[in-house]
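S.K.: Can you read through this structure? Questions will come right after.
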Amino acid sequence: MDFFSLVHAHPALELSCVLILGLLVGSFLNVVIYRLPKMMEREWKQQCNELSSQNGDVASLPPISEPEEPFNLMVPGSRCPSCGHKIKPWENIPMVSYLILGGKCSACKATISARYPTIELVTGLLSVAVIFYTGANWNGLAALIFTWSLIALTMIDFDTYLLPDDITLPLLWLGLIANSFNAFTDLPSALWGAVAGYLSLWSVYKLFKLLTGKEGMGYGDFKLLAALGAWMGWQMLPQIILLSSLVGAVIGISLIVVRGRDKNIPIPFGPYLAIAGWIAFVWGDTINHAYLKLFVSY
């Protein structure tokens, strides 16, 4: 019996392997969450400089400086933000290294944010939940990618109020491709889910701007809901929107009460959509059946 057959034959071992995989991916997601917005900022600055140069607006260009060092998801290697200490491989083991180091840099003893192991742990646990729900198959692999993408989008939007196209658009297309094989719904439902998801929030955005002259949300929110519609079909969109409102109310009130967040500071809508979308993806049918059963009983 080969390794994969052995793992598949023992559910506990299978889920343990998924947990380890999730922890490793969570470590990589920490890099994506931190670096992708900075990579986007660098790209925007480069594009602005190129446009200014093409228009002959030399005076507005910044002084010539040394070329910036490569900065992407692979290089440079991870470093301590306080002292610049290069993180060794054995200092970068998900969860384990944080606990061994006592949550501090091995060089300068500066405190390492608990957010890093938290994201690793959450990614591991959600990965286990997804595979427990879908099974260890091709649908399960697609569901893992869906889950990991939503985790990255949630944290990036919470930090920067951005939902990068580099994640939302591939997520949308992957949902349509997966459902062309009827993975989670049929293709027509997925296609119209993407269309309805985008247009519903776009319509709210336009109406709000017409009435108030302000922008209530960004285009990234439209694309994210379109992606969720592509994965689950148009039938799930009402539930996702209702759940996102509930999640937003709970988290928003918690931030105000527990952390003393100023209620006048805007809170991004993307994290609520992502959390609601994941809940609907895993437990949407159960929620619908429970609601219908309750409704019928009355």
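Following the order of the structure tokens, chains are lettered A, B, ..., residues in each are numbered from 1, and ligands are numbered from 1.
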Can you list, as a PyMOL selection string, every protein, DNA or RNA residue that comes within 8 Å of region 117-126 of chain A when you count only C-alpha atoms, leaving out same-chain residues fewer than 2 positions away?

M.R.: chain A and resi 18-27+29-30+94-95+98+114-115+128-130+147-148+151

S.K.: Where in region 63-197 of chain A does DSSP assign helix (DSSP H, G or I), given as a ChimeraX atom specification?

M.R.: /A:89-91,96-100,115-134,138-160,165-179,187-197

S.K.: If I take CA of Phe132 (chain A) and CA of Leu174 (chain A), how far is one from the other in Å, to one decimal?

M.R.: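 Result for CA of Phe132 (chain A) versus CA of Leu174 (chain A): 21.2 Å, one decimal.
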
S.K.: Find, counting only C-alpha atoms, the residue in A:Asn182, A:Ser189, A:Thr286, A:Asn49 that gets nearest to Asn139 (chain A).

M.R.: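 Checking each of A:Asn182, A:Ser189, A:Thr286, A:Asn49 against Asn139 (chain A), counting only C-alpha atoms, the winner is A:Asn182.
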
S.K.: Of the candidates A:Ile100, A:Leu163, A:Ala230, A:Leu255, which shows the shortest atom-to-atom distance to Thr185 (chain A), using only C-alpha atoms?

M.R.: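 That would be A:Ala230, the residue with the smallest distance to Thr185 (chain A).
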
S.K.: When distances are computed from only C-alpha atoms, which of A:Leu162, A:Ala107, A:Leu242, A:Ala280 shows the smallest separation from Met217 (chain A)?

M.R.: A:Leu162

S.K.: Would you kindly return, as a ChimeraX atom specification, each protein, DNA or RNA residue with an atom no farther than 8 Å from any atom of region 35-45 of chain A, considering only C-alpha atoms and excluding same-chain residues fewer than 4 positions away?

M.R.: /A:31,49,71-73,156,160,162,164

S.K.: So which one's closest to Gly270 (chain A), A:Leu224, A:Leu144, A:Ala196, A:Leu207? Using only C-alpha atoms, please.

M.R.: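 Nearest candidate to Gly270 (chain A) out of A:Leu224, A:Leu144, A:Ala196, A:Leu207: A:Leu224.
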
S.K.: With only C-alpha atoms as the atoms that count, which of A:Gly213, A:Gly248, A:Gly220, A:Leu172 lies nearest to Gly233 (chain A)?

M.R.: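 Looking only at the distances to Gly233 (chain A), the closest residue turns out to be A:Leu172.
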
S.K.: Quick one: distance from CA of Leu171 (chain A) to CA of Gly135 (chain A) in Å, one decimal?

M.R.: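 Straight-line distance from CA of Leu171 (chain A) to CA of Gly135 (chain A) works out to 20.5 Å.
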
S.K.: To one decimal in Å, tell me the separation between CA of Asn179 (chain A) and CA of Ala274 (chain A).

M.R.: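 Computing it gives 19.3 Å between the two atoms.
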
S.K.: If we count only C-alpha atoms, what is near Asn288 (chain A) at a cut-off of 12 Å, once residues fewer than 3 positions away on the same chain are taken out, given as a PyMOL selection string?

M.R.: chain A and resi 235-236+238-240+243+279-285+291-295

S.K.: Export, as a compact mmCIF listing (two decimals), in the first residue's frame, the selected residues with N, CA and C atoms.

M.R.:
# COMPACT_ATOMS: atom_id res chain seq x y z
N GLN A 235 -28.30 31.11 -6.59
CA GLN A 235 -29.27 30.78 -5.54
C GLN A 235 -28.73 31.10 -4.14
N MET A 236 -27.40 31.09 -3.97
CA MET A 236 -26.81 31.33 -2.66
C MET A 236 -26.57 32.81 -2.36
N PRO A 238 -28.54 35.54 -2.01
CA PRO A 238 -29.30 36.18 -0.92
C PRO A 238 -28.80 35.76 0.46
N GLN A 239 -28.49 34.47 0.61
CA GLN A 239 -27.99 34.01 1.91
C GLN A 239 -26.64 34.65 2.23
N ILE A 240 -25.76 34.75 1.25
CA ILE A 240 -24.45 35.35 1.48
C ILE A 240 -24.59 36.80 1.91
N LEU A 243 -26.00 36.90 5.46
CA LEU A 243 -24.97 36.48 6.42
C LEU A 243 -23.89 37.54 6.57
N ILE A 279 -18.94 30.50 5.06
CA ILE A 279 -19.98 29.84 5.85
C ILE A 279 -21.05 29.25 4.92
N ALA A 280 -21.47 30.03 3.92
CA ALA A 280 -22.48 29.55 2.98
C ALA A 280 -21.95 28.37 2.17
N PHE A 281 -20.67 28.40 1.84
CA PHE A 281 -20.07 27.33 1.03
C PHE A 281 -20.10 26.00 1.79
N VAL A 282 -19.79 26.06 3.08
CA VAL A 282 -19.69 24.83 3.87
C VAL A 282 -21.04 24.41 4.45
N TRP A 283 -21.79 25.39 4.99
CA TRP A 283 -23.02 25.04 5.70
C TRP A 283 -24.27 25.67 5.09
N GLY A 284 -24.16 26.21 3.88
CA GLY A 284 -25.29 26.91 3.27
C GLY A 284 -26.54 26.06 3.15
N ASP A 285 -26.39 24.83 2.67
CA ASP A 285 -27.56 23.95 2.51
C ASP A 285 -28.18 23.61 3.86
N TYR A 291 -33.77 26.69 8.16
CA TYR A 291 -34.67 27.83 8.05
C TYR A 291 -36.04 27.39 7.49
N LEU A 292 -36.01 26.57 6.44
CA LEU A 292 -37.26 26.11 5.84
C LEU A 292 -38.05 25.24 6.82
N LYS A 293 -37.33 24.41 7.58
CA LYS A 293 -37.99 23.57 8.57
C LYS A 293 -38.65 24.41 9.65
N LEU A 294 -37.94 25.47 10.08
CA LEU A 294 -38.50 26.37 11.07
C LEU A 294 -39.70 27.11 10.52
N PHE A 295 -39.61 27.54 9.25
CA PHE A 295 -40.69 28.28 8.62
C PHE A 295 -41.93 27.40 8.46

S.K.: Of the candidates A:Pro188, A:Gly175, A:Gly197, A:Pro89, which one gets nearest to Leu237 (chain A) if we count only C-alpha atoms?

M.R.: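 Answer, going by the shortest atom-to-atom distance: A:Gly197.
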
S.K.: Excluding same-chain residues fewer than 5 positions from Ser106 (chain A), what lies within 9 Å of it counting only C-alpha atoms, as a VMD selection string?

M.R.: chain A and resid 85 87 91 101

S.K.: Give me a file of those residues, with C-alpha atoms, as a short mmCIF file (atom, residue, chain, number, x, y, z; two decimals), in the first residue's frame.

M.R.:
data_model
loop_
_atom_site.label_atom_id
_atom_site.label_comp_id
_atom_site.auth_asym_id
_atom_site.auth_seq_id
_atom_site.Cartn_x
_atom_site.Cartn_y
_atom_site.Cartn_z
CA HIS A 85 17.57 39.46 11.19
CA ILE A 87 14.69 34.22 9.54
CA GLU A 91 12.73 29.63 12.89
CA LEU A 101 10.98 31.24 20.49
#
